[in-house]
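Colleague: Supplied structure: data_10.cif, mmCIF, C-alpha atoms.
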```cif
data_upload
#
loop_
_atom_site.label_atom_id
_atom_site.label_comp_id
_atom_site.auth_asym_id
_atom_site.auth_seq_id
_atom_site.Cartn_x
_atom_site.Cartn_y
_atom_site.Cartn_z
CA MET A 636 -75.21 6.13 -8.98
CA LYS A 637 -74.73 7.25 -5.40
CA ILE A 638 -72.56 4.92 -3.37
CA TYR A 639 -73.62 6.15 0.04
CA THR A 640 -76.59 4.94 2.03
CA GLY A 641 -75.97 6.62 5.38
CA SER A 642 -76.82 3.42 7.24
CA GLY A 643 -73.35 3.47 8.79
CA ASP A 644 -73.48 7.06 10.01
CA ARG A 645 -73.80 5.96 13.63
CA GLY A 646 -70.63 3.89 13.61
CA LYS A 647 -72.12 0.50 12.82
CA THR A 648 -71.79 -1.62 9.73
CA SER A 649 -73.12 -4.92 8.44
CA LEU A 650 -70.95 -7.97 8.07
CA PHE A 651 -71.38 -10.01 4.92
CA SER A 652 -73.15 -12.53 7.11
CA GLY A 653 -75.69 -9.91 8.16
CA GLU A 654 -74.68 -9.06 11.74
CA ARG A 655 -74.55 -5.40 12.69
CA VAL A 656 -71.27 -4.60 14.43
CA SER A 657 -69.30 -1.58 15.56
CA LYS A 658 -66.92 -0.20 12.96
CA GLY A 659 -64.32 -0.56 15.72
CA ASP A 660 -64.86 -4.33 15.89
CA LEU A 661 -61.75 -6.45 15.51
CA ARG A 662 -63.21 -8.11 12.43
CA ILE A 663 -63.64 -4.72 10.76
CA GLU A 664 -60.09 -3.72 11.78
CA ALA A 665 -58.82 -6.93 10.19
CA TYR A 666 -60.47 -6.51 6.81
CA GLY A 667 -59.73 -2.79 6.96
CA ASP A 668 -56.03 -3.66 7.14
CA VAL A 669 -56.41 -6.00 4.19
CA ASP A 670 -58.16 -3.20 2.31
CA GLU A 671 -55.32 -0.81 3.15
CA LEU A 672 -52.81 -3.39 2.00
CA ASN A 673 -54.68 -3.78 -1.27
CA ALA A 674 -54.62 -0.02 -1.85
CA MET A 675 -50.91 0.05 -1.12
CA LEU A 676 -50.35 -2.68 -3.69
CA GLY A 677 -52.13 -0.46 -6.21
CA ALA A 678 -49.67 2.33 -5.45
CA LEU A 679 -46.81 -0.14 -5.72
CA ALA A 680 -48.04 -1.46 -9.08
CA ALA A 681 -48.14 2.10 -10.40
CA THR A 682 -44.44 2.54 -9.74
CA THR A 683 -42.86 -0.77 -10.72
CA PRO A 684 -39.94 -0.37 -13.13
CA PRO A 685 -40.69 -1.01 -16.82
CA GLU A 686 -37.90 -3.61 -16.86
CA ALA A 687 -40.22 -5.93 -14.89
CA PRO A 688 -43.51 -5.92 -16.83
CA GLU A 689 -44.58 -9.24 -15.29
CA LEU A 690 -45.02 -7.60 -11.88
CA GLY A 691 -48.18 -5.77 -12.92
CA GLY A 692 -50.12 -8.98 -13.56
CA GLU A 693 -48.63 -10.61 -10.50
CA ILE A 694 -49.74 -7.78 -8.24
CA ARG A 695 -53.22 -7.69 -9.79
CA ARG A 696 -53.58 -11.40 -9.03
CA ILE A 697 -52.63 -10.72 -5.41
CA GLN A 698 -55.09 -7.82 -5.22
CA SER A 699 -57.83 -10.18 -6.37
CA ASP A 700 -56.77 -12.71 -3.73
CA LEU A 701 -57.04 -10.00 -1.09
CA PHE A 702 -60.67 -9.34 -2.04
CA HIS A 703 -61.41 -12.97 -1.27
CA LEU A 704 -59.53 -12.70 2.02
CA GLY A 705 -61.51 -9.61 2.91
CA ALA A 706 -64.76 -11.41 2.19
CA TRP A 707 -63.81 -14.22 4.56
CA LEU A 708 -62.85 -11.73 7.25
CA ALA A 709 -66.20 -9.97 6.80
CA THR A 710 -68.12 -13.18 7.37
CA THR A 711 -68.89 -14.95 10.62
CA PRO A 712 -67.49 -18.48 10.41
CA ASP A 713 -70.09 -21.23 10.09
CA SER A 714 -72.75 -18.73 8.96
CA PRO A 715 -74.76 -19.67 5.87
CA SER A 716 -73.14 -16.75 4.07
CA ALA A 717 -69.76 -18.45 4.39
CA GLY A 718 -71.06 -21.12 2.03
CA MET A 719 -71.28 -18.51 -0.72
CA LEU A 720 -67.62 -17.53 -0.56
CA LYS A 721 -64.92 -18.80 -2.82
CA LYS A 722 -62.82 -21.33 -0.95
CA LEU A 723 -59.34 -20.15 -0.08
CA SER A 724 -57.13 -22.83 -1.53
CA GLU A 725 -53.51 -23.46 -0.66
CA ASP A 726 -52.75 -22.87 -4.33
CA ALA A 727 -52.79 -19.10 -3.85
CA ALA A 728 -50.05 -19.25 -1.20
CA ARG A 729 -48.18 -21.77 -3.31
CA LEU A 730 -48.20 -19.37 -6.27
CA LEU A 731 -46.59 -16.78 -4.03
CA GLU A 732 -43.89 -19.29 -3.16
CA VAL A 733 -43.22 -19.85 -6.86
CA ASP A 734 -42.89 -16.09 -7.33
CA ILE A 735 -40.59 -15.82 -4.31
CA ASP A 736 -38.35 -18.62 -5.56
CA ARG A 737 -38.16 -17.09 -9.03
CA MET A 738 -37.11 -13.68 -7.69
CA GLU A 739 -34.72 -15.07 -5.10
CA ASN A 740 -32.78 -16.96 -7.74
CA GLY A 741 -31.43 -13.67 -9.06
CA LEU A 742 -30.62 -12.11 -5.70
CA PRO A 743 -27.36 -12.14 -3.76
CA ALA A 744 -27.50 -13.88 -0.40
CA LEU A 745 -28.37 -11.66 2.55
CA THR A 746 -25.58 -11.12 5.04
CA GLY A 747 -27.51 -8.98 7.53
CA PHE A 748 -30.54 -6.77 8.01
CA ILE A 749 -31.28 -4.33 5.21
CA LEU A 750 -32.91 -0.93 5.49
CA PRO A 751 -36.39 -0.65 3.95
CA ALA A 752 -35.30 1.69 1.18
CA GLY A 753 -34.21 2.00 -2.41
CA HIS A 754 -36.22 2.40 -5.61
CA ARG A 755 -39.64 4.02 -5.15
CA ALA A 756 -41.48 0.79 -5.88
CA ALA A 757 -39.20 -1.11 -3.50
CA ALA A 758 -40.00 1.38 -0.77
CA TRP A 759 -43.73 0.91 -1.41
CA ALA A 760 -43.21 -2.85 -1.22
CA HIS A 761 -41.66 -2.43 2.22
CA VAL A 762 -44.60 -0.31 3.37
CA ALA A 763 -46.99 -2.93 1.98
CA ARG A 764 -45.05 -5.61 3.87
CA THR A 765 -45.53 -3.82 7.18
CA ILE A 766 -49.26 -3.39 6.54
CA CYS A 767 -49.43 -7.06 5.64
CA ARG A 768 -47.79 -7.98 8.96
CA ARG A 769 -50.26 -5.77 10.82
CA ALA A 770 -53.16 -7.48 9.05
CA GLU A 771 -51.66 -10.82 9.97
CA ARG A 772 -51.38 -9.83 13.66
CA ARG A 773 -54.98 -8.66 13.62
CA VAL A 774 -56.19 -11.93 12.13
CA VAL A 775 -54.22 -13.86 14.76
CA VAL A 776 -56.01 -11.97 17.53
CA LEU A 777 -59.35 -12.47 15.77
CA THR A 778 -58.70 -16.19 15.52
CA GLU A 779 -57.84 -16.34 19.22
CA ARG A 780 -60.89 -14.28 20.19
CA GLU A 781 -63.35 -16.33 18.25
CA ASN A 782 -61.62 -19.67 18.71
CA HIS A 783 -62.07 -20.37 15.04
CA ALA A 784 -59.00 -21.83 13.43
CA GLU A 785 -60.89 -22.54 10.21
CA PRO A 786 -61.20 -20.96 7.74
CA LEU A 787 -58.93 -18.16 8.94
CA SER A 788 -55.95 -20.51 9.01
CA ALA A 789 -55.81 -20.23 5.21
CA VAL A 790 -55.89 -16.44 5.55
CA LEU A 791 -52.98 -16.55 7.97
CA VAL A 792 -50.91 -18.76 5.71
CA TYR A 793 -51.56 -16.42 2.80
CA LEU A 794 -50.67 -13.25 4.72
CA ASN A 795 -47.53 -14.81 6.12
CA ARG A 796 -46.40 -15.83 2.66
CA LEU A 797 -47.37 -12.48 1.17
CA SER A 798 -45.16 -10.66 3.68
CA ASP A 799 -42.24 -12.79 2.56
CA TYR A 800 -43.15 -12.13 -1.06
CA LEU A 801 -43.17 -8.37 -0.49
CA PHE A 802 -39.77 -8.46 1.21
CA VAL A 803 -38.23 -10.38 -1.67
CA LEU A 804 -40.09 -8.21 -4.17
CA SER A 805 -38.50 -5.06 -2.73
CA ARG A 806 -35.03 -6.56 -3.18
CA HIS A 807 -35.94 -7.82 -6.65
CA ILE A 808 -37.11 -4.36 -7.72
CA ASN A 809 -33.95 -2.77 -6.33
CA ARG A 810 -31.81 -5.25 -8.25
CA ILE A 811 -33.64 -4.59 -11.51
CA ALA A 812 -33.40 -0.83 -10.95
CA GLY A 813 -29.70 -1.07 -10.15
CA VAL A 814 -30.08 -0.02 -6.53
CA GLU A 815 -27.98 -1.88 -4.01
CA ASP A 816 -29.35 -3.14 -0.68
CA ILE A 817 -28.35 -0.87 2.18
CA LEU A 818 -27.16 -3.04 5.04
CA TRP A 819 -28.02 -1.99 8.55
CA ASN A 820 -24.89 -0.81 10.26
CA PRO A 821 -25.61 -1.05 13.99
CA MET B 651 -77.72 -21.93 -0.40
CA THR B 652 -74.56 -22.03 -2.39
CA PHE B 653 -73.92 -21.17 -5.98
CA PRO B 654 -70.96 -21.96 -8.15
CA ASP B 655 -67.86 -19.86 -7.55
CA LYS B 656 -68.15 -18.90 -11.16
CA GLY B 657 -71.54 -17.34 -10.50
CA SER B 658 -70.54 -14.00 -9.14
CA PHE B 659 -66.82 -13.90 -9.71
CA ASP B 660 -66.80 -14.69 -13.39
CA PRO B 661 -70.33 -14.33 -14.70
CA SER B 662 -71.05 -15.75 -18.10
CA ARG B 663 -72.78 -13.86 -20.91
CA TYR B 664 -76.05 -15.20 -22.25
CA LYS B 665 -78.53 -14.41 -24.99
CA THR B 666 -82.24 -14.27 -24.28
CA ALA B 667 -85.47 -13.19 -25.98
CA VAL B 668 -88.76 -11.81 -24.76
CA LEU B 669 -91.60 -14.31 -24.44
CA GLN B 670 -94.23 -11.94 -23.15
CA ARG B 671 -94.71 -8.61 -21.43
CA ARG B 672 -97.26 -8.29 -18.66
CA GLN B 673 -98.44 -4.96 -17.27
CA LEU B 674 -98.34 -5.18 -13.48
CA SER B 675 -99.52 -1.64 -12.82
CA PRO B 676 -99.30 1.69 -14.66
CA GLY B 677 -95.59 2.17 -15.33
CA THR B 678 -94.49 -1.27 -14.18
CA VAL B 679 -94.19 -4.43 -16.26
CA GLN B 680 -93.04 -7.98 -15.89
CA LEU B 681 -90.92 -9.33 -18.72
CA ASP B 682 -90.84 -13.07 -19.20
CA MET B 683 -87.77 -14.17 -21.14
CA VAL B 684 -86.25 -17.32 -22.52
CA ARG B 685 -84.09 -19.08 -20.01
CA PRO B 686 -80.80 -19.88 -21.76
CA GLN B 687 -79.46 -23.37 -21.45
CA GLY B 688 -76.93 -23.66 -18.65
CA PHE B 689 -78.01 -20.55 -16.77
CA GLU B 690 -78.45 -21.32 -13.06
CA PHE B 691 -79.11 -18.97 -10.18
CA THR B 692 -80.20 -18.86 -6.56
CA ALA B 693 -83.46 -17.16 -5.62
CA GLY B 694 -82.74 -13.51 -4.85
CA GLN B 695 -79.94 -13.07 -7.36
CA LYS B 696 -80.03 -10.71 -10.30
CA ILE B 697 -78.95 -10.46 -13.91
CA ARG B 698 -77.28 -7.58 -15.73
CA LEU B 699 -79.08 -6.70 -18.93
CA TYR B 700 -77.14 -4.97 -21.72
CA ARG B 701 -77.95 -2.64 -24.53
CA GLY B 702 -74.69 -1.73 -26.18
CA ASP B 703 -72.39 -0.44 -23.47
CA VAL B 704 -75.25 0.38 -21.12
CA SER B 705 -76.29 -2.12 -18.51
CA ARG B 706 -78.73 -2.32 -15.61
CA ASP B 707 -79.23 -4.93 -12.93
CA TYR B 708 -82.61 -6.57 -12.44
CA SER B 709 -83.51 -9.08 -9.75
CA LEU B 710 -85.17 -12.22 -11.01
CA ALA B 711 -88.74 -12.74 -9.84
CA SER B 712 -89.03 -16.25 -11.22
CA ALA B 713 -88.06 -19.38 -9.34
CA PRO B 714 -84.68 -20.99 -10.03
CA ALA B 715 -86.51 -24.08 -11.25
CA ALA B 716 -88.86 -22.19 -13.58
CA PRO B 717 -88.50 -22.76 -17.34
CA LEU B 718 -88.34 -18.99 -18.02
CA LEU B 719 -86.78 -15.88 -16.49
CA SER B 720 -88.97 -13.06 -15.20
CA ILE B 721 -87.95 -9.56 -14.23
CA CYS B 722 -90.08 -6.81 -12.79
CA LEU B 723 -89.25 -3.32 -13.92
CA ARG B 724 -90.50 0.16 -13.37
CA ILE B 725 -90.31 2.22 -16.52
CA VAL B 726 -88.39 5.42 -15.86
CA ALA B 727 -89.37 8.00 -18.49
CA LYS B 728 -85.81 9.33 -18.90
CA GLY B 729 -84.19 6.00 -18.12
CA VAL B 730 -81.51 4.59 -20.39
CA LEU B 731 -82.75 1.03 -20.52
CA SER B 732 -86.16 0.71 -18.90
CA PRO B 733 -88.22 2.52 -21.63
CA MET B 734 -86.78 0.18 -24.24
CA LEU B 735 -87.33 -2.89 -22.08
CA GLY B 736 -90.81 -1.71 -21.18
CA ALA B 737 -91.72 -1.47 -24.87
CA ALA B 738 -90.10 -4.78 -25.79
CA LYS B 739 -92.08 -7.12 -28.02
CA LYS B 740 -92.12 -10.86 -28.28
CA ASN B 741 -88.85 -12.25 -29.68
CA ASP B 742 -86.88 -9.05 -29.04
CA SER B 743 -83.46 -10.25 -27.96
CA PHE B 744 -81.01 -9.07 -25.32
CA SER B 745 -77.80 -10.21 -23.75
CA PHE B 746 -77.19 -10.48 -20.04
CA THR B 747 -74.59 -11.63 -17.56
CA GLY B 748 -75.15 -13.37 -14.31
CA PRO B 749 -76.05 -14.50 -11.87
CA HIS B 750 -74.92 -11.56 -9.75
CA GLY B 751 -75.23 -10.69 -6.11
CA TYR B 752 -75.46 -12.33 -2.74
CA PHE B 753 -78.99 -11.37 -1.70
CA VAL B 754 -80.21 -14.88 -1.03
CA PHE B 755 -82.24 -16.43 1.75
CA HIS B 756 -80.39 -17.88 4.72
CA PRO B 757 -82.50 -20.37 6.67
CA SER B 758 -82.10 -19.83 10.42
CA ASN B 759 -84.04 -20.15 13.66
CA ARG B 760 -84.81 -16.44 13.57
CA HIS B 761 -87.99 -15.12 12.02
CA ALA B 762 -87.37 -13.63 8.60
CA VAL B 763 -88.78 -10.21 7.79
CA PHE B 764 -88.79 -9.23 4.12
CA VAL B 765 -89.04 -5.50 3.47
CA ALA B 766 -89.47 -4.16 -0.07
CA THR B 767 -90.46 -0.98 -1.80
CA GLY B 768 -91.94 -0.99 -5.30
CA THR B 769 -90.29 -3.46 -7.67
CA GLY B 770 -87.90 -4.39 -4.87
CA ILE B 771 -90.42 -7.14 -4.25
CA ALA B 772 -89.00 -9.19 -7.15
CA PRO B 773 -86.31 -11.17 -5.27
CA PHE B 774 -88.84 -12.05 -2.58
CA ALA B 775 -91.18 -13.43 -5.23
CA SER B 776 -88.34 -15.64 -6.42
CA MET B 777 -87.59 -16.79 -2.87
CA CYS B 778 -91.23 -17.61 -2.09
CA ARG B 779 -91.60 -19.40 -5.43
CA SER B 780 -88.59 -21.51 -4.46
CA GLY B 781 -90.23 -22.65 -1.24
CA VAL B 782 -89.45 -19.99 1.37
CA SER B 783 -92.50 -19.53 3.59
CA GLY B 784 -93.64 -18.37 7.02
CA VAL B 785 -92.02 -14.96 6.72
CA THR B 786 -93.31 -11.50 7.48
CA LEU B 787 -93.40 -9.45 4.30
CA LEU B 788 -93.77 -5.68 4.25
CA HIS B 789 -94.27 -4.14 0.83
CA GLY B 790 -94.17 -0.39 0.44
CA VAL B 791 -96.62 0.66 -2.29
CA ARG B 792 -98.23 3.89 -3.44
CA ASP B 793 -101.59 2.28 -4.06
CA LEU B 794 -103.22 -1.13 -3.97
CA LYS B 795 -102.49 -1.75 -7.67
CA GLN B 796 -98.82 -2.02 -6.79
CA ARG B 797 -99.26 -5.12 -4.65
CA TYR B 798 -97.39 -7.25 -7.15
CA TYR B 799 -97.57 -11.02 -6.65
CA ALA B 800 -100.02 -10.57 -3.79
CA GLU B 801 -101.62 -14.00 -4.26
CA LEU B 802 -98.22 -15.67 -3.99
CA PHE B 803 -97.43 -13.83 -0.78
CA TYR B 804 -100.85 -14.43 0.78
CA GLN B 805 -100.14 -18.14 0.35
CA SER B 806 -96.51 -18.29 1.42
CA ALA B 807 -96.03 -15.50 3.98
CA LYS B 808 -97.14 -15.76 7.58
CA GLN B 809 -97.91 -12.06 7.50
CA TYR B 810 -98.16 -9.97 4.33
CA VAL B 811 -98.70 -6.25 4.75
CA ALA B 812 -98.95 -3.68 1.99
CA CYS B 813 -97.70 -0.45 3.49
CA LEU B 814 -99.32 2.55 1.84
CA GLY B 815 -97.01 5.51 1.89
CA SER B 816 -99.88 7.88 2.43
CA ARG B 817 -102.16 7.80 5.44
CA LYS B 818 -105.09 6.59 3.38
CA SER B 819 -107.66 4.52 5.16
CA PRO B 820 -106.39 0.98 4.79
CA GLY B 821 -108.20 -2.13 3.76
CA GLN B 822 -107.49 -5.56 5.15
CA GLY B 823 -103.80 -6.52 4.95
CA THR B 824 -102.69 -2.94 4.55
CA TYR B 825 -101.00 -0.47 6.84
CA PRO B 826 -101.45 3.30 6.67
CA GLY B 827 -97.80 4.30 6.62
CA ARG B 828 -94.39 3.48 5.23
CA VAL B 829 -92.60 0.18 5.76
CA THR B 830 -90.24 2.03 8.09
CA ASP B 831 -93.22 3.23 10.16
CA PHE B 832 -94.31 -0.40 10.49
CA LEU B 833 -90.83 -1.43 11.63
CA ALA B 834 -90.74 1.40 14.16
CA GLU B 835 -94.26 1.07 15.50
CA LYS B 836 -95.80 -2.30 14.75
CA LEU B 837 -93.27 -5.09 14.52
CA PRO B 838 -93.08 -6.70 17.97
CA PRO B 839 -89.73 -7.26 19.70
CA GLY B 840 -88.01 -10.48 18.67
CA ASP B 841 -85.04 -12.15 17.03
CA TYR B 842 -85.15 -11.40 13.34
CA ASP B 843 -83.28 -11.72 10.10
CA PHE B 844 -84.18 -8.68 8.01
CA TYR B 845 -84.00 -8.69 4.23
CA LEU B 846 -84.26 -5.18 2.78
CA CYS B 847 -84.69 -4.50 -0.92
CA GLY B 848 -85.49 -1.13 -2.40
CA ARG B 849 -84.33 2.44 -2.59
CA ARG B 850 -81.37 3.48 -0.52
CA GLU B 851 -83.39 5.93 1.56
CA MET B 852 -85.57 3.04 2.77
CA ILE B 853 -82.50 0.88 3.40
CA ARG B 854 -80.91 3.62 5.47
CA ASP B 855 -84.01 4.45 7.52
CA ALA B 856 -84.90 0.80 8.08
CA THR B 857 -81.35 -0.06 9.14
CA LEU B 858 -81.26 2.73 11.71
CA ILE B 859 -84.64 1.66 13.12
CA ILE B 860 -83.49 -1.96 13.31
CA ASP B 861 -80.31 -0.86 15.11
CA ASP B 862 -82.45 0.96 17.66
CA ARG B 863 -85.21 -1.60 18.14
CA PHE B 864 -83.82 -5.04 17.31
CA SER B 865 -80.34 -5.38 18.76
CA GLY B 866 -78.62 -8.51 17.49
CA ALA B 867 -80.68 -8.71 14.31
CA ARG B 868 -79.04 -9.65 11.06
CA ILE B 869 -79.59 -7.44 8.02
CA PHE B 870 -79.18 -8.37 4.38
CA THR B 871 -79.66 -5.65 1.82
CA GLU B 872 -80.13 -5.14 -1.90
CA ILE B 873 -80.20 -1.51 -3.00
CA PHE B 874 -82.04 -0.31 -6.08
CA TYR B 875 -80.24 2.66 -7.55
#
```
Please rewrite the model in this file as structure tokens.

Modeller:
Amino acid sequence: MKIYTGSGDRGKTSLFSGERVSKGDLRIEAYGDVDELNAMLGALAATTPPEAPELGGEIRRIQSDLFHLGAWLATTPDSPSAGMLKKLSEDAARLLEVDIDRMENGLPALTGFILPAGHRAAAWAHVARTICRRAERRVVVLTERENHAEPLSAVLVYLNRLSDYLFVLSRHINRIAGVEDILWNP
Amino acid sequence: MTFPDKGSFDPSRYKTAVLQRRQLSPGTVQLDMVRPQGFEFTAGQKIRLYRGDVSRDYSLASAPAAPLLSICLRIVAKGVLSPMLGAAKKNDSFSFTGPHGYFVFHPSNRHAVFVATGTGIAPFASMCRSGVSGVTLLHGVRDLKQRYYAELFYQSAKQYVACLGSRKSPGQGTYPGRVTDFLAEKLPPGDYDFYLCGRREMIRDATLIIDDRFSGARIFTEIFY
């Protein structure tokens, strides 16, 4: 099965809601960032330490969430196509909070900024966090441009929480791997 | 035009059996199958038929409210599944998952243009059987025998054109060229929603023509591999 059609060879693509837009459109940038984040999570999942087998399933759940986020970003709000998408519930962000709380319970309190470093998987988690923040910034601008708070507000909540999750995850992985946080020494 | 979240994200597996096989043209058949209890879909969606580990997607041509499921398939001589399906007898059983896909009709104030090649007409038959009407329908066919479901489309479409790939002299309701030629040369300027279903070459060519001629149009596609 060939995956290419060639219909995007001139720099345009179709949104899920049918509109033809430039591949440089802000909406495409936004779901492109989410796609990049998802790929980075795949790399992260491939390097998590064996002492934390639960992380694989956790990250796969997040990757699935990101597909839903991408679908919302690829759809013009209020279009009929939006009615076909799975609703973004607050439960997904709440699950991240549960994960954050669980990991934080085992971590020493932070006394300053830490360098994004440590175990390989922790380093990937930091990279993923920065991509997540970029995606979040892009969605903020998209929301402002299109004056559509809904349904992208749920996307923003999720990305904000996911960034926090990834920060805590990097420290959690370092702790499990026996790598100490490196405090920033200004 | 919504379907349950479960529909495409977690499709269920069903059992079905052949009720009858109808020859639509040389090499193309319609299979009517038992509609399993609990199976719901939206016109334009497809099912994934299985034989062992091999599966193929087929758009449903029947209406969502119909008591049976119909698919329209071209028998590919070296195909993995279609020769077996094309030779299926009454009561032969299969499993399938579904519904799959998002190729459904979106009512809007734009004029809808349906463009199909070959058996890509199936989802449009389902849509028209579910009440969609007033559309322009372009069907790319090799000869007049391939005008599947023509009576349905004569009744429900505002304009139904069988586009003959060759430059044969056309009869009434036919066009001597490809569907893409019609889009490039005949379809008047306007605000359209295009629905394209067929081989990827047609999808590509039609999309590029639409980009050039119908700025602001919406395009929904279903590719037959």

Colleague: Can you tell me which residues surround Leu708 in chain A at a distance of at most 7 Å, considering all atoms listed in the file, apart from same-chain residues fewer than 5 positions away, and format the answer as a list in words?

Modeller: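 Neighbouring residues, sequence-local ones excluded: Arg662, Ala665 and Tyr666 of chain A.
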
Colleague: Identify the residues around (-88.9, 1.2, 18.8) within a radius of 7 Å, measuring from all atoms listed in the file in the coordinates stated by the file, and give them as a list in words.

Modeller: Ala834, Glu835, Asp862 and Arg863 of chain B

Colleague: Pull out every residue of chain A that has at least one atom within 10 Å of chain B, counting only C-alpha atoms, and report them as a PyMOL selection string.

Modeller: chain A and resi 636-645+647-656+714-722

Colleague: Based on the selection just made, write C-alpha atoms of those residues as a PDB file, in the frame of the given file.

Modeller:
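So the final result, stored in again_33.pdb, reads:
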```pdb
ATOM      1  CA  MET A 636     -75.210   6.130  -8.980  1.00  0.00           C
ATOM      2  CA  LYS A 637     -74.730   7.250  -5.400  1.00  0.00           C
ATOM      3  CA  ILE A 638     -72.560   4.920  -3.370  1.00  0.00           C
ATOM      4  CA  TYR A 639     -73.620   6.150   0.040  1.00  0.00           C
ATOM      5  CA  THR A 640     -76.590   4.940   2.030  1.00  0.00           C
ATOM      6  CA  GLY A 641     -75.970   6.620   5.380  1.00  0.00           C
ATOM      7  CA  SER A 642     -76.820   3.420   7.240  1.00  0.00           C
ATOM      8  CA  GLY A 643     -73.350   3.470   8.790  1.00  0.00           C
ATOM      9  CA  ASP A 644     -73.480   7.060  10.010  1.00  0.00           C
ATOM     10  CA  ARG A 645     -73.800   5.960  13.630  1.00  0.00           C
ATOM     11  CA  LYS A 647     -72.120   0.500  12.820  1.00  0.00           C
ATOM     12  CA  THR A 648     -71.790  -1.620   9.730  1.00  0.00           C
ATOM     13  CA  SER A 649     -73.120  -4.920   8.440  1.00  0.00           C
ATOM     14  CA  LEU A 650     -70.950  -7.970   8.070  1.00  0.00           C
ATOM     15  CA  PHE A 651     -71.380 -10.010   4.920  1.00  0.00           C
ATOM     16  CA  SER A 652     -73.150 -12.530   7.110  1.00  0.00           C
ATOM     17  CA  GLY A 653     -75.690  -9.910   8.160  1.00  0.00           C
ATOM     18  CA  GLU A 654     -74.680  -9.060  11.740  1.00  0.00           C
ATOM     19  CA  ARG A 655     -74.550  -5.400  12.690  1.00  0.00           C
ATOM     20  CA  VAL A 656     -71.270  -4.600  14.430  1.00  0.00           C
ATOM     21  CA  SER A 714     -72.750 -18.730   8.960  1.00  0.00           C
ATOM     22  CA  PRO A 715     -74.760 -19.670   5.870  1.00  0.00           C
ATOM     23  CA  SER A 716     -73.140 -16.750   4.070  1.00  0.00           C
ATOM     24  CA  ALA A 717     -69.760 -18.450   4.390  1.00  0.00           C
ATOM     25  CA  GLY A 718     -71.060 -21.120   2.030  1.00  0.00           C
ATOM     26  CA  MET A 719     -71.280 -18.510  -0.720  1.00  0.00           C
ATOM     27  CA  LEU A 720     -67.620 -17.530  -0.560  1.00  0.00           C
ATOM     28  CA  LYS A 721     -64.920 -18.800  -2.820  1.00  0.00           C
ATOM     29  CA  LYS A 722     -62.820 -21.330  -0.950  1.00  0.00           C
TER      30      LYS A 722
END
```

Colleague: Using all atoms listed in the file, collect all residues at a distance of at most 12 Å from (-85.3, -22.9, -15.4) as written in the file, then present them as a PyMOL selection string.

Modeller: chain B and resi 682-693+710+712-720+776+780

Colleague: Can you work out the spacing between CA of Gly748 in chain B and CA of Gly770 in chain B in Å, to one decimal?

Modeller: 18.2 Å

Colleague: So which residues touch Pro743 in chain A within 10 Å, counting only C-alpha atoms, skipping near sequence neighbours fewer than 4 positions away, as a PyMOL selection string?

Modeller: chain A and resi 739+806+810+816

Colleague: Put a box with edges along x, y and z around all the listed atoms of range 671-690 of chain B, pad it by 3 Å on each side, then give me its centre and sizes in Å, one decimal, as JSON.

Modeller:
```
{"center_x": -88.2, "center_y": -10.7, "center_z": -17.7, "size_x": 28.6, "size_y": 31.8, "size_z": 15.7}
```

Colleague: If the PyMOL selection byres ((chain A and resi 692) around 12) is run on the structure shown, which residues does it catch, given as a PDB file with C-alpha atoms, in the coordinates of the input?

Modeller:
```
ATOM      1  CA  LEU A 676     -50.350  -2.680  -3.690  1.00  0.00           C
ATOM      2  CA  GLY A 677     -52.130  -0.460  -6.210  1.00  0.00           C
ATOM      3  CA  ALA A 680     -48.040  -1.460  -9.080  1.00  0.00           C
ATOM      4  CA  ALA A 681     -48.140   2.100 -10.400  1.00  0.00           C
ATOM      5  CA  THR A 683     -42.860  -0.770 -10.720  1.00  0.00           C
ATOM      6  CA  ALA A 687     -40.220  -5.930 -14.890  1.00  0.00           C
ATOM      7  CA  PRO A 688     -43.510  -5.920 -16.830  1.00  0.00           C
ATOM      8  CA  GLU A 689     -44.580  -9.240 -15.290  1.00  0.00           C
ATOM      9  CA  LEU A 690     -45.020  -7.600 -11.880  1.00  0.00           C
ATOM     10  CA  GLY A 691     -48.180  -5.770 -12.920  1.00  0.00           C
ATOM     11  CA  GLU A 693     -48.630 -10.610 -10.500  1.00  0.00           C
ATOM     12  CA  ILE A 694     -49.740  -7.780  -8.240  1.00  0.00           C
ATOM     13  CA  ARG A 695     -53.220  -7.690  -9.790  1.00  0.00           C
ATOM     14  CA  ARG A 696     -53.580 -11.400  -9.030  1.00  0.00           C
ATOM     15  CA  ILE A 697     -52.630 -10.720  -5.410  1.00  0.00           C
ATOM     16  CA  GLN A 698     -55.090  -7.820  -5.220  1.00  0.00           C
ATOM     17  CA  SER A 699     -57.830 -10.180  -6.370  1.00  0.00           C
ATOM     18  CA  ASP A 734     -42.890 -16.090  -7.330  1.00  0.00           C
TER      19      ASP A 734
END
```

Colleague: Taking all atoms listed in the file into account, which of B:Tyr825, B:Phe744, B:Tyr804, B:Phe864 comes nearest Gly840 in chain B?

Modeller: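 Checking each of B:Tyr825, B:Phe744, B:Tyr804, B:Phe864 against Gly840 in chain B, counting all atoms listed in the file, the winner is B:Phe864.
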
Colleague: Counting only C-alpha atoms, which residue out of A:Ser788, A:Ser657, A:Asn820, A:Asn809 sits closest to Glu725 in chain A?

Modeller: A:Ser788

Colleague: What does the distance between CA of Leu735 in chain B and CA of Gly751 in chain B come to in Å, to one decimal place?

Modeller: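 For CA of Leu735 in chain B relative to CA of Gly751 in chain B, the distance reads 21.5 Å.
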
Colleague: What's the 6 Å shell around Ile725 in chain B, counting all atoms listed in the file, without same-chain residues fewer than 4 positions away, as a PyMOL selection string?

Modeller: chain B and resi 677-678+732-733

Colleague: Expand the PyMOL selection byres ((chain B and resi 817) around 12) into the explicit residue set it covers here, and present it as a ChimeraX atom specification.

Modeller: /B:791-793,813-816,818-821,824-828,831
